file run_1.txt (compact mmCIF, C-alpha atoms and all ligand atoms)
# COMPACT_ATOMS: atom_id res chain seq x y z
CA MET A 173 91.29 109.48 71.77
CA HIS A 174 90.87 111.63 74.89
CA PRO A 175 94.01 113.45 76.16
CA ALA A 176 93.78 111.35 79.37
CA ASP A 177 94.89 108.37 77.28
CA ASP A 178 98.29 110.02 76.73
CA ILE A 179 99.42 108.91 80.19
CA ARG A 180 97.67 105.54 80.26
CA GLY A 181 100.09 102.79 81.35
CA SER A 182 103.08 105.16 81.45
CA ALA A 183 104.17 103.94 84.93
CA SER A 184 103.21 100.25 84.71
CA LYS A 185 100.63 97.77 83.44
CA LYS A 186 99.78 96.64 86.96
CA LEU A 187 96.15 97.76 86.60
CA SER A 188 95.65 96.74 82.97
CA GLY A 189 92.09 95.61 82.29
CA LYS A 190 90.94 96.82 85.75
CA LYS A 191 87.92 99.07 86.11
CA ILE A 192 88.11 101.25 89.23
CA VAL A 193 85.05 103.25 90.30
CA LEU A 194 86.48 106.37 91.95
CA CYS A 195 83.86 107.88 94.28
CA VAL A 196 84.61 111.42 95.43
CA THR A 197 82.71 113.02 98.34
CA GLY A 198 82.48 116.55 99.78
CA SER A 199 85.79 116.76 101.64
CA ILE A 200 88.33 119.46 100.89
CA ALA A 201 90.66 116.57 100.00
CA ALA A 202 88.49 116.11 96.87
CA VAL A 203 91.03 118.43 95.22
CA GLU A 204 93.51 115.52 95.43
CA SER A 205 91.30 113.20 93.42
CA VAL A 206 92.55 114.58 90.09
CA ARG A 207 96.09 113.46 90.96
CA LEU A 208 94.79 110.15 92.31
CA ALA A 209 92.82 109.43 89.13
CA ARG A 210 95.88 110.28 86.99
CA GLU A 211 98.11 107.93 89.03
CA LEU A 212 95.62 105.09 88.55
CA LEU A 213 95.61 105.80 84.81
CA ARG A 214 99.42 105.75 84.77
CA HIS A 215 99.15 102.14 86.01
CA ASP A 216 96.70 101.50 83.13
CA ALA A 217 93.42 101.38 85.08
CA GLU A 218 90.11 102.47 83.60
CA VAL A 219 88.73 105.02 86.06
CA ILE A 220 84.97 105.67 86.35
CA PRO A 221 84.44 108.92 88.33
CA VAL A 222 81.38 109.28 90.58
CA MET A 223 80.75 112.37 92.71
CA THR A 224 78.36 113.53 95.41
CA LEU A 225 76.72 116.95 95.00
CA ALA A 226 78.81 118.22 97.95
CA ALA A 227 81.97 117.10 96.10
CA THR A 228 80.98 119.12 93.03
CA ARG A 229 81.01 122.28 95.20
CA ILE A 230 84.68 121.62 95.99
CA LEU A 231 85.91 120.23 92.68
CA HIS A 232 84.27 120.95 89.35
CA PRO A 233 83.26 117.71 87.57
CA ASP A 234 85.11 118.93 84.46
CA ALA A 235 88.39 118.49 86.35
CA LEU A 236 87.71 114.78 86.88
CA TRP A 237 86.32 114.49 83.34
CA PHE A 238 89.60 115.85 82.02
CA ALA A 239 91.63 113.67 84.40
CA THR A 240 89.91 110.39 83.53
CA GLY A 241 88.48 110.94 80.05
CA LYS A 242 85.03 110.07 81.43
CA LYS A 243 82.17 112.35 82.43
CA PRO A 244 81.64 112.02 86.21
CA ILE A 245 78.38 110.44 87.35
CA VAL A 246 76.79 112.91 89.77
CA GLU A 247 73.18 111.87 89.37
CA LEU A 248 71.99 108.42 88.45
CA SER A 249 69.93 108.19 85.28
CA GLY A 250 67.75 105.71 83.41
CA ASP A 251 71.06 104.09 82.48
CA THR A 252 71.21 102.74 86.08
CA GLU A 253 74.95 103.34 86.18
CA HIS A 254 75.29 101.72 89.66
CA VAL A 255 73.90 98.44 88.28
CA LYS A 256 75.89 98.74 85.05
CA TYR A 257 79.19 98.82 86.97
CA CYS A 258 78.39 97.16 90.30
CA GLY A 259 75.23 95.06 89.80
CA VAL A 260 75.57 91.40 90.71
CA THR A 261 74.91 90.24 87.14
CA ASN A 262 77.39 92.62 85.50
CA LYS A 263 80.06 93.13 88.18
CA SER A 264 82.10 94.97 85.58
CA ALA A 265 83.90 97.09 88.22
CA HIS A 266 86.86 95.41 89.93
CA LEU A 267 86.96 97.82 92.87
CA VAL A 268 85.09 100.80 94.33
CA LEU A 269 87.41 103.39 95.84
CA VAL A 270 85.78 106.11 97.98
CA SER A 271 88.48 108.75 98.23
CA PRO A 272 88.17 111.09 99.99
CA CYS A 273 85.28 109.85 102.13
CA THR A 274 83.41 112.26 104.40
CA ALA A 275 82.09 111.44 107.88
CA ASN A 276 78.60 111.79 106.38
CA THR A 277 79.21 109.20 103.64
CA ILE A 278 80.91 106.75 106.05
CA SER A 279 77.84 106.79 108.29
CA LYS A 280 75.46 106.41 105.37
CA ILE A 281 77.42 103.43 104.05
CA ALA A 282 77.35 101.83 107.51
CA LEU A 283 73.57 102.18 107.69
CA GLY A 284 72.85 101.21 104.09
CA ILE A 285 71.50 104.65 103.20
CA ASP A 286 71.92 105.44 99.52
CA ASP A 287 70.74 108.91 98.65
CA THR A 288 73.69 110.04 96.51
CA ALA A 289 75.32 108.51 93.42
CA VAL A 290 78.30 107.54 95.61
CA THR A 291 76.33 105.79 98.35
CA THR A 292 74.17 103.98 95.77
CA PHE A 293 77.31 102.65 94.03
CA VAL A 294 78.69 101.49 97.39
CA THR A 295 75.47 99.81 98.53
CA THR A 296 75.27 97.98 95.20
CA ALA A 297 78.93 96.97 95.40
CA ILE A 298 78.50 95.59 98.94
CA GLY A 299 75.60 93.42 97.74
CA SER A 300 77.66 92.21 94.75
CA LYS A 301 80.76 91.55 96.90
CA ILE A 302 82.91 93.90 94.85
CA PRO A 303 85.91 95.04 96.96
CA ILE A 304 85.46 98.51 98.48
CA VAL A 305 88.19 100.77 99.81
CA VAL A 306 87.33 103.83 101.91
CA VAL A 307 89.82 106.64 102.49
CA PRO A 308 88.48 108.93 105.25
CA ALA A 309 89.36 112.64 105.37
CA MET A 310 87.83 115.07 107.82
CA HIS A 311 88.43 117.43 110.71
CA GLY A 312 89.80 115.67 113.81
CA SER A 313 86.69 116.49 115.79
CA MET A 314 84.50 114.69 113.22
CA TYR A 315 86.84 111.69 113.17
CA ASN A 316 86.76 111.48 117.00
CA HIS A 317 82.96 111.39 117.10
CA GLY A 318 81.98 108.09 118.74
CA VAL A 319 79.23 107.38 116.19
CA VAL A 320 81.59 107.93 113.25
CA GLN A 321 84.08 105.52 114.85
CA LYS A 322 81.32 102.95 115.48
CA ASN A 323 80.22 103.29 111.86
CA ILE A 324 83.79 102.74 110.65
CA GLU A 325 83.83 99.49 112.68
CA ARG A 326 80.47 98.54 111.22
CA CYS A 327 81.76 99.08 107.67
CA LYS A 328 84.85 97.00 108.45
CA LYS A 329 82.61 94.15 109.63
CA GLU A 330 80.95 94.30 106.19
CA GLY A 331 84.38 93.61 104.70
CA ILE A 332 85.10 97.21 103.63
CA CYS A 333 88.79 98.03 103.69
CA PHE A 334 89.88 101.34 105.27
CA ILE A 335 93.08 103.22 104.56
CA ASP A 336 93.55 105.11 107.80
CA PRO A 337 94.06 108.88 107.77
CA PHE A 338 97.06 110.45 109.48
CA LEU A 339 96.38 112.86 112.31
CA CYS A 340 98.05 116.21 111.77
CA GLU A 341 97.19 119.86 112.54
CA GLY A 342 93.98 118.71 114.25
CA LYS A 343 92.81 116.98 111.06
CA ALA A 344 92.36 113.35 110.06
CA LYS A 345 94.09 113.85 106.73
CA MET A 346 93.64 111.56 103.76
CA ALA A 347 96.37 108.89 103.42
CA ASP A 348 99.04 109.72 100.87
CA LEU A 349 98.35 108.97 97.22
CA GLU A 350 101.12 106.39 96.94
CA GLU A 351 99.57 104.33 99.74
CA ILE A 352 96.12 104.53 98.11
CA VAL A 353 97.42 103.49 94.67
CA GLU A 354 99.56 100.65 96.13
CA SER A 355 96.56 99.40 98.13
CA VAL A 356 94.43 99.35 94.97
CA ILE A 357 97.12 97.35 93.17
CA ARG A 358 97.33 94.99 96.18
CA LEU A 359 93.56 94.40 96.17
CA VAL A 360 92.97 93.86 92.45
CA GLY A 361 96.39 92.56 91.42
CA LYS A 362 97.87 89.04 91.27
CA ARG A 363 97.32 88.33 95.00
CA ASP A 364 99.55 85.26 94.69
CA LEU A 365 101.41 86.01 97.95
CA THR A 366 98.34 86.62 100.16
CA LYS A 367 99.08 83.61 102.35
CA LYS A 368 102.77 84.45 102.76
CA ARG A 369 104.62 86.41 105.41
CA ILE A 370 107.90 87.71 104.05
CA LEU A 371 110.87 89.48 105.62
CA VAL A 372 113.20 91.65 103.54
CA VAL A 373 116.49 92.72 105.12
CA GLY A 374 118.10 95.55 103.16
CA GLY A 375 120.24 98.66 103.10
CA ALA A 376 123.81 98.97 104.36
CA THR A 377 125.27 98.59 107.82
CA ALA A 378 127.11 101.58 109.30
CA GLN A 379 129.80 100.76 111.83
CA PRO A 380 131.04 103.57 114.11
CA LEU A 381 134.73 104.49 113.96
CA ASP A 382 134.26 106.95 116.80
CA ASP A 383 131.32 108.91 118.24
CA MET A 384 131.01 110.88 115.00
CA ARG A 385 132.30 108.89 112.04
CA ILE A 386 130.94 105.74 110.47
CA LEU A 387 132.24 103.10 108.08
CA THR A 388 129.54 102.10 105.61
CA ASN A 389 129.15 101.12 101.92
CA ARG A 390 127.41 102.31 98.75
CA SER A 391 124.26 100.19 99.03
CA SER A 392 121.25 102.48 98.45
CA GLY A 393 118.58 100.09 99.71
CA LYS A 394 116.71 100.36 96.36
CA THR A 395 116.50 96.59 95.88
CA ALA A 396 115.09 96.06 99.39
CA VAL A 397 112.43 98.74 98.93
CA ALA A 398 111.53 97.38 95.46
CA LEU A 399 111.17 93.86 96.93
CA ALA A 400 109.06 95.05 99.87
CA LYS A 401 106.78 97.15 97.61
CA CYS A 402 106.36 94.32 95.16
CA ALA A 403 105.55 91.80 97.94
CA PHE A 404 102.98 94.27 99.33
CA GLU A 405 101.40 94.65 95.88
CA ARG A 406 101.19 90.87 95.52
CA GLY A 407 99.31 90.61 98.84
CA ALA A 408 102.03 89.37 101.24
CA ILE A 409 102.34 90.43 104.85
CA ILE A 410 105.65 92.15 104.55
CA ASP A 411 108.19 93.36 107.10
CA LEU A 412 111.27 95.34 106.16
CA TRP A 413 114.40 95.55 108.29
CA PHE A 414 116.30 98.46 106.85
CA GLY A 415 119.80 99.67 107.63
CA PHE A 416 121.59 102.74 106.41
CA GLY A 417 120.47 103.84 102.92
CA LEU A 418 119.19 106.85 101.04
CA GLU A 419 116.17 105.17 99.48
CA ARG A 420 112.84 106.61 100.64
CA ILE A 421 110.72 104.02 102.42
CA PRO A 422 106.99 104.24 101.62
CA SER A 423 104.90 105.05 104.71
CA TYR A 424 102.68 101.98 104.36
CA LEU A 425 105.56 99.52 104.85
CA SER A 426 106.26 98.16 108.33
CA VAL A 427 109.93 98.93 109.01
CA LYS A 428 112.46 98.17 111.72
CA ARG A 429 115.76 100.09 111.46
CA PHE A 430 119.28 98.92 112.24
CA MET A 431 122.68 100.55 111.95
CA THR A 432 125.31 98.00 112.90
CA VAL A 433 125.83 94.27 112.44
CA SER A 434 125.28 93.89 116.14
CA ASP A 435 121.91 95.75 115.97
CA LEU A 436 120.87 93.39 113.20
CA LEU A 437 122.02 90.29 115.06
CA GLY A 438 119.92 91.47 118.00
CA PHE A 439 116.79 91.06 115.82
CA VAL A 440 117.72 87.55 114.72
CA THR A 441 115.93 85.17 117.11
CA VAL A 442 113.87 82.04 116.51
CA LYS A 443 110.83 83.76 118.08
CA GLU A 444 111.14 86.69 115.69
CA LEU A 445 111.88 84.73 112.52
CA ARG A 446 109.73 81.62 112.74
CA LYS A 447 106.63 83.53 111.55
CA TYR A 448 108.11 84.04 108.07
CA ASP A 449 107.56 81.77 105.07
CA GLY A 450 110.26 83.53 103.09
CA LEU A 451 113.26 85.68 104.02
CA ILE A 452 115.25 87.72 101.52
CA VAL A 453 118.52 89.14 102.77
CA CYS A 454 119.81 91.73 100.30
CA ALA A 455 121.45 94.00 102.90
CA ALA A 456 125.08 94.98 102.32
CA ILE A 457 126.32 93.82 105.71
CA ALA A 458 129.84 94.73 106.83
CA ASP A 459 132.43 91.98 106.42
CA TYR A 460 134.86 93.77 108.74
CA ILE A 461 134.12 95.79 111.85
CA PRO A 462 136.38 98.61 113.10
CA GLU A 463 137.20 99.04 116.75
CA LYS A 464 135.20 102.02 118.02
CA HIS A 465 137.17 104.92 119.57
CA LYS A 466 135.61 106.93 122.37
CA GLY A 467 134.83 110.57 121.53
CA LYS A 468 136.25 111.85 118.22
CA ILE A 469 139.52 110.69 116.66
CA PRO A 470 141.44 114.00 116.38
CA SER A 471 141.84 115.38 112.86
CA GLY A 472 145.24 116.48 111.53
CA LYS A 473 147.10 113.19 112.15
CA GLU A 474 149.71 112.28 109.54
CA LYS A 475 148.51 108.75 109.31
CA LEU A 476 145.58 106.90 110.83
CA LEU A 477 145.59 103.12 111.04
CA LEU A 478 142.30 101.41 111.64
CA GLU A 479 142.07 97.89 112.96
CA LEU A 480 139.15 95.82 111.67
CA SER A 481 137.98 92.37 112.74
CA PRO A 482 135.87 89.93 110.70
CA ALA A 483 132.14 90.40 111.31
CA PRO A 484 129.91 87.50 112.40
CA LYS A 485 127.85 86.08 109.51
CA VAL A 486 124.24 87.17 109.89
CA ILE A 487 122.86 84.86 107.17
CA SER A 488 124.19 81.72 108.86
CA LYS A 489 122.55 82.76 112.15
CA ILE A 490 119.28 83.36 110.27
CA ARG A 491 119.46 79.88 108.68
CA LYS A 492 120.03 78.30 112.11
CA CYS A 493 116.86 80.03 113.40
CA VAL A 494 114.70 78.99 110.42
CA PRO A 495 115.99 75.73 108.93
CA LYS A 496 112.85 75.21 106.80
CA ALA A 497 111.80 78.68 105.52
CA VAL A 498 112.76 79.77 102.01
CA LEU A 499 115.93 81.80 102.49
CA VAL A 500 117.40 83.93 99.72
CA GLY A 501 120.84 85.54 100.01
CA PHE A 502 122.73 88.01 97.81
CA LYS A 503 126.34 88.02 96.72
CA VAL A 504 128.04 90.94 95.03
CA GLU A 505 131.51 90.92 93.44
CA SER A 506 133.20 93.12 90.84
CA LYS A 507 132.96 90.49 88.09
CA LYS A 508 130.04 88.28 87.12
CA GLU A 509 132.04 85.01 87.13
CA LYS A 510 133.41 85.66 90.61
CA ALA A 511 129.96 86.68 91.88
CA ILE A 512 128.43 83.41 90.65
CA GLU A 513 131.29 81.33 92.08
CA ARG A 514 130.96 83.02 95.50
CA ALA A 515 127.15 82.73 95.32
CA VAL A 516 127.46 78.94 94.96
CA GLU A 517 129.81 78.85 97.98
CA LEU A 518 127.43 81.00 100.07
CA LEU A 519 124.46 78.81 99.08
CA ASN A 520 126.15 75.52 99.99
CA LYS A 521 127.81 76.78 103.18
CA ASN A 522 124.57 78.14 104.67
CA LYS A 523 122.08 75.75 103.04
CA LEU A 524 120.28 78.64 101.35
CA ASP A 525 117.52 78.05 98.81
CA PHE A 526 118.70 80.69 96.35
CA VAL A 527 121.50 83.20 96.07
CA ILE A 528 121.24 86.23 93.81
CA ALA A 529 124.63 87.03 92.29
CA ASN A 530 125.18 90.56 91.03
CA THR A 531 128.01 92.95 90.30
CA LEU A 532 129.04 96.36 91.60
CA SER A 533 127.27 98.07 88.68
CA ALA A 534 123.97 97.32 90.48
CA PHE A 535 124.82 99.66 93.37
CA GLY A 536 122.59 102.73 93.43
CA SER A 537 121.22 102.22 89.89
CA THR A 538 117.56 101.63 88.97
CA ASP A 539 118.43 98.89 86.46
CA SER A 540 120.32 95.75 87.29
CA GLU A 541 121.43 92.36 86.07
CA ILE A 542 121.23 89.30 88.30
CA TRP A 543 122.09 85.61 88.18
CA ILE A 544 119.83 83.44 90.35
CA VAL A 545 121.65 80.37 91.66
CA ASN A 546 119.40 77.56 92.93
CA LYS A 547 120.11 74.49 95.10
CA LYS A 548 121.08 72.44 92.04
CA GLU A 549 123.63 75.16 91.25
CA LYS A 550 121.66 76.02 88.11
CA VAL A 551 122.12 79.69 87.12
CA ILE A 552 119.22 81.75 85.73
CA HIS A 553 120.05 85.15 84.22
CA LYS A 554 117.62 88.13 84.54
CA GLN A 555 117.97 91.76 83.53
CA GLY A 556 115.73 94.81 83.98
CA THR A 557 114.62 97.49 86.39
CA LYS A 558 114.85 96.66 90.09
CA ASP A 559 111.01 96.45 90.11
CA VAL A 560 111.01 93.80 87.38
CA LEU A 561 113.80 91.87 89.10
CA ALA A 562 111.97 92.13 92.44
CA ASP A 563 109.02 90.33 90.82
CA ALA A 564 111.30 87.55 89.56
CA ILE A 565 112.96 87.15 92.99
CA LEU A 566 109.58 87.02 94.75
CA ASP A 567 108.48 84.24 92.38
CA LEU A 568 111.09 82.14 94.19
CA VAL A 569 109.21 82.44 97.50
CA CYS A 570 105.74 81.67 96.10
C1 LIG B 601 84.97 123.54 102.08
C2 LIG B 601 84.40 122.35 102.78
C3 LIG B 601 85.24 121.35 103.18
C4 LIG B 601 84.73 120.22 103.82
N1 LIG B 601 85.60 119.21 104.19
C5 LIG B 601 85.12 118.12 104.78
C6 LIG B 601 85.98 117.02 105.09
O1 LIG B 601 87.19 117.08 104.85
N2 LIG B 601 85.44 115.92 105.65
C7 LIG B 601 84.12 115.82 105.93
O2 LIG B 601 83.71 114.78 106.45
N3 LIG B 601 83.28 116.83 105.63
C8 LIG B 601 83.73 117.96 105.07
N4 LIG B 601 82.87 118.97 104.75
C9 LIG B 601 81.45 118.82 105.05
C10 LIG B 601 80.75 117.96 104.01
O3 LIG B 601 80.87 118.55 102.73
C11 LIG B 601 79.28 117.79 104.38
O4 LIG B 601 79.17 116.96 105.53
C12 LIG B 601 78.49 117.17 103.26
O5 LIG B 601 77.15 116.99 103.68
C13 LIG B 601 79.06 115.84 102.80
O6 LIG B 601 78.27 115.30 101.79
P1 LIG B 601 78.73 113.98 101.03
O7 LIG B 601 79.16 112.99 102.05
O8 LIG B 601 77.48 113.54 100.31
O9 LIG B 601 79.78 114.35 100.08
C14 LIG B 601 83.35 120.12 104.10
C15 LIG B 601 82.52 121.16 103.68
C16 LIG B 601 83.02 122.24 103.05
C17 LIG B 601 82.08 123.34 102.62
call {"tool": "encode", "arguments": {"input": "run_1.txt", "output": "structure tokens"}}
result
Amino acid sequence: MHPADDIRGSASKKLSGKKIVLCVTGSIAAVESVRLARELLRHDAEVIPVMTLAATRILHPDALWFATGKKPIVELSGDTEHVKYCGVTNKSAHLVLVSPCTANTISKIALGIDDTAVTTFVTTAIGSKIPIVVVPAMHGSMYNHGVVQKNIERCKKEGICFIDPFLCEGKAKMADLEEIVESVIRLVGKRDLTKKRILVVGGATAQPLDDMRILTNRSSGKTAVALAKCAFERGAIIDLWFGFGLERIPSYLSVKRFMTVSDLLGFVTVKELRKYDGLIVCAAIADYIPEKHKGKIPSGKEKLLLELSPAPKVISKIRKCVPKAVLVGFKVESKKEKAIERAVELLNKNKLDFVIANTLSAFGSTDSEIWIVNKKEKVIHKQGTKDVLADAILDLVC
């Protein structure tokens, strides 16, 4: 067993049985490919490293050999490695990932030139219709070159998927590793939500008490982010409306932020919502709204009484906008029995398709326990990490 196998599948089994050809070209970002290969292994992929000669000047092949447990292919041999992995009769590779990809290699791919191991793998994969992902990395001036841009468009017309760089310090820097790994999972994974557009509304609301203070709750937004990530991985078009919460939102997710109930209600229109097949509302939305004082309430008072009024119910407005879409609500209470009872009430009152009942122990933790209540008031119990539960909840919108 090679030491690389020690980390195999340690993060998930999402890439089990998947063979990913990792093509590395002569960009300085080649130094990141060790970490990229290791992340793919952690999700249980088999990684076949292929390098251009220019890449070997930046990163020694031994580094990728160590990282993947496989000797990088730098020169093709009588073994015809490109055909072995990407030939139309074998098609043993599930995806070819060119990361980082130089301006030079992009243009060669666009023109069908294959004079390196990397470009020969890509040309073969195009002909065999194996999915290809290109992750450009280069100086800004190279990226702005009209011919490079035209060649990117040409590659896209061939069906090649690009993960766009981010422009910073005059460079077109390689996308972050998390986005690359998630995109690989999205392309070779279950893909059972590819025809679905899903909205997740998560995080807490934060109502102002004055110009400085807010009244909020302990929702971290973890469930919302887990649901959005999982929907992305399963191929959905996913939008996240996210309130106040500490959870980091991955850069590849499309996010709209809100703070107050009124901000959120402002998003809820028929025009905005009718595009969704499924809507999951796991946000911890205020039940009571304080009256906002102008400026700052002075400190040092002996007693401070706050007056709160009941908040309008966002979920019922959402249901009115989309009477037919699958709508999933959440209900949290201190005790399981109460949570289920209130979940049934919420479901019937707003004609929801499902309500997820959970208890306060779920707040902020990575593991949780849920009870899914369906229209027939049947209760299904699930327990696990928020990622595992996100998968089960998304099965409801399939
Ligand atoms: C240290 C160093 C860093 C480089 N970084 C980049 C880069 O980030 N992007 C790029 O397109 N070219 C970069 N180049 C230039 C490429 O290595 C050069 O165009 C080479 O011919 C690419 O060959 P390949 O596409 O076969 O790997 C760099 C060159 C050197 C020496």
call {"tool": "residues_near_ligand", "arguments": {"input": "run_1.txt", "ligand": "ligand LIG 601 (chain B)", "cutoff": "7 Å", "atoms": "all atoms listed in the file", "output": "list of chain:residue names"}}
result
A:Thr197, A:Gly198, A:Ser199, A:Ile200, A:Ala201, A:Thr224, A:Leu225, A:Ala226, A:Ala227, A:Ile230, A:Cys273, A:Thr274, A:Ala275, A:Asn276, A:Thr277, A:Thr288, A:Ala309, A:Met310, A:His311, A:Met314
call {"tool": "closest_atom_pairs", "arguments": {"input": "run_1.txt", "of": "range 333-386 of chain A", "to": "range 479-482 of chain A", "cutoff": "12 Å", "atoms": "only C-alpha atoms", "output": "Markdown table"}}
result
| residue | atom | partner | partner_atom | distance |
| --- | --- | --- | --- | --- |
| A:Gln379 | CA | A:Leu480 | CA | 10.6 |
| A:Pro380 | CA | A:Leu480 | CA | 11.5 |
| A:Leu381 | CA | A:Glu479 | CA | 9.9 |
call {"tool": "atom_distance", "arguments": {"input": "run_1.txt", "atom1": "CA of Leu477 in chain A", "atom2": "CA of Thr388 in chain A"}}
result
17.0 Å
call {"tool": "closest_residue", "arguments": {"input": "run_1.txt", "among": "A:Ile245, A:Pro272, A:Val360, A:Ala209", "to": "Gly189 in chain A", "atoms": "all atoms listed in the file"}}
result
A:Val360
call {"tool": "residues_around", "arguments": {"input": "run_1.txt", "residues": "Val500 in chain A", "least_positions_apart": "5", "cutoff": "9 Å", "atoms": "all atoms listed in the file", "output": "list in words"}}
result
Gly450, Leu451, Ile452, Val453, Cys454, Leu519, Leu524, Asp525, Phe526, Val527, Ile528, Ile565, Leu568 and Val569 of chain A
call {"tool": "write_last_selection", "arguments": {"input": "run_1.txt", "atoms": "C-alpha atoms", "output": "short mmCIF file (atom, residue, chain, number, x, y, z; two decimals), in the coordinates of the input"}}
result
data_model
loop_
_atom_site.label_atom_id
_atom_site.label_comp_id
_atom_site.auth_asym_id
_atom_site.auth_seq_id
_atom_site.Cartn_x
_atom_site.Cartn_y
_atom_site.Cartn_z
CA GLY A 450 110.26 83.53 103.09
CA LEU A 451 113.26 85.68 104.02
CA ILE A 452 115.25 87.72 101.52
CA VAL A 453 118.52 89.14 102.77
CA CYS A 454 119.81 91.73 100.30
CA LEU A 519 124.46 78.81 99.08
CA LEU A 524 120.28 78.64 101.35
CA ASP A 525 117.52 78.05 98.81
CA PHE A 526 118.70 80.69 96.35
CA VAL A 527 121.50 83.20 96.07
CA ILE A 528 121.24 86.23 93.81
CA ILE A 565 112.96 87.15 92.99
CA LEU A 568 111.09 82.14 94.19
CA VAL A 569 109.21 82.44 97.50
#
call {"tool": "closest_residue", "arguments": {"input": "run_1.txt", "among": "A:Cys327, A:Ala483, A:Cys195, A:Val427", "to": "Val372 in chain A", "atoms": "only C-alpha atoms"}}
result
A:Val427
call {"tool": "atom_distance", "arguments": {"input": "run_1.txt", "atom1": "CA of Pro337 in chain A", "atom2": "CA of Asp234 in chain A"}}
result
26.9 Å
call {"tool": "closest_residue", "arguments": {"input": "run_1.txt", "among": "A:Ile281, A:Ile386, A:Ile544, A:Tyr315", "to": "Lys328 in chain A", "atoms": "all atoms listed in the file"}}
result
A:Ile281
call {"tool": "residues_around", "arguments": {"input": "run_1.txt", "residues": "Asp411 in chain A", "least_positions_apart": "6", "cutoff": "9 Å", "atoms": "all atoms listed in the file", "output": "MDAnalysis selection string"}}
result
chainID A and resid 369:373 400 425:428
call {"tool": "closest_residue", "arguments": {"input": "run_1.txt", "among": "A:Val270, A:Cys340, A:Asp383, A:Gly241", "to": "Ile469 in chain A", "atoms": "only C-alpha atoms"}}
result
A:Asp383
call {"tool": "closest_residue", "arguments": {"input": "run_1.txt", "among": "A:Val353, A:Lys329, A:Leu283, A:His317", "to": "Leu212 in chain A", "atoms": "only C-alpha atoms"}}
result
A:Val353
call {"tool": "closest_atom_pairs", "arguments": {"input": "run_1.txt", "of": "range 284-375 of chain A", "to": "range 250-261 of chain A", "cutoff": "6 Å", "atoms": "only C-alpha atoms", "output": "Markdown table"}}
result
| residue | atom | partner | partner_atom | distance |
| --- | --- | --- | --- | --- |
| A:Phe293 | CA | A:His254 | CA | 4.9 |
| A:Thr296 | CA | A:Cys258 | CA | 5.9 |
| A:Ala297 | CA | A:Cys258 | CA | 5.1 |
| A:Ser300 | CA | A:Val260 | CA | 4.6 |
call {"tool": "decode", "arguments": {"input": "run_1.txt", "residues": "range 276-285 of chain A", "atoms": "N, CA, C and O atoms", "output": "mmCIF file, in the first residue's frame"}}
result
data_model
loop_
_atom_site.group_PDB
_atom_site.id
_atom_site.type_symbol
_atom_site.label_atom_id
_atom_site.label_comp_id
_atom_site.auth_asym_id
_atom_site.auth_seq_id
_atom_site.Cartn_x
_atom_site.Cartn_y
_atom_site.Cartn_z
ATOM 1 N N ASN A 276 -0.901 28.838 -23.004
ATOM 2 C CA ASN A 276 -0.370 28.005 -24.088
ATOM 3 C C ASN A 276 -1.222 26.746 -24.282
ATOM 4 O O ASN A 276 -1.663 26.428 -25.391
ATOM 5 N N THR A 277 -1.508 26.035 -23.187
ATOM 6 C CA THR A 277 -2.264 24.778 -23.306
ATOM 7 C C THR A 277 -3.713 25.036 -23.699
ATOM 8 O O THR A 277 -4.286 24.277 -24.485
ATOM 9 N N ILE A 278 -4.303 26.136 -23.206
ATOM 10 C CA ILE A 278 -5.684 26.471 -23.616
ATOM 11 C C ILE A 278 -5.734 26.606 -25.143
ATOM 12 O O ILE A 278 -6.598 26.033 -25.811
ATOM 13 N N SER A 279 -4.781 27.371 -25.692
ATOM 14 C CA SER A 279 -4.821 27.615 -27.134
ATOM 15 C C SER A 279 -4.567 26.337 -27.929
ATOM 16 O O SER A 279 -5.196 26.112 -28.965
ATOM 17 N N LYS A 280 -3.690 25.497 -27.404
ATOM 18 C CA LYS A 280 -3.441 24.229 -28.116
ATOM 19 C C LYS A 280 -4.693 23.349 -28.098
ATOM 20 O O LYS A 280 -5.025 22.721 -29.097
ATOM 21 N N ILE A 281 -5.362 23.307 -26.957
ATOM 22 C CA ILE A 281 -6.585 22.496 -26.868
ATOM 23 C C ILE A 281 -7.608 23.001 -27.892
ATOM 24 O O ILE A 281 -8.228 22.230 -28.627
ATOM 25 N N ALA A 282 -7.753 24.348 -27.948
ATOM 26 C CA ALA A 282 -8.748 24.943 -28.846
ATOM 27 C C ALA A 282 -8.467 24.564 -30.303
ATOM 28 O O ALA A 282 -9.388 24.380 -31.096
ATOM 29 N N LEU A 283 -7.189 24.451 -30.640
ATOM 30 C CA LEU A 283 -6.821 24.186 -32.037
ATOM 31 C C LEU A 283 -6.568 22.702 -32.315
ATOM 32 O O LEU A 283 -6.201 22.328 -33.427
ATOM 33 N N GLY A 284 -6.741 21.881 -31.306
ATOM 34 C CA GLY A 284 -6.534 20.439 -31.512
ATOM 35 C C GLY A 284 -5.073 20.066 -31.665
ATOM 36 O O GLY A 284 -4.749 19.031 -32.258
ATOM 37 N N ILE A 285 -4.178 20.889 -31.135
ATOM 38 C CA ILE A 285 -2.744 20.552 -31.196
ATOM 39 C C ILE A 285 -2.428 19.662 -30.003
ATOM 40 O O ILE A 285 -2.782 19.993 -28.872
#
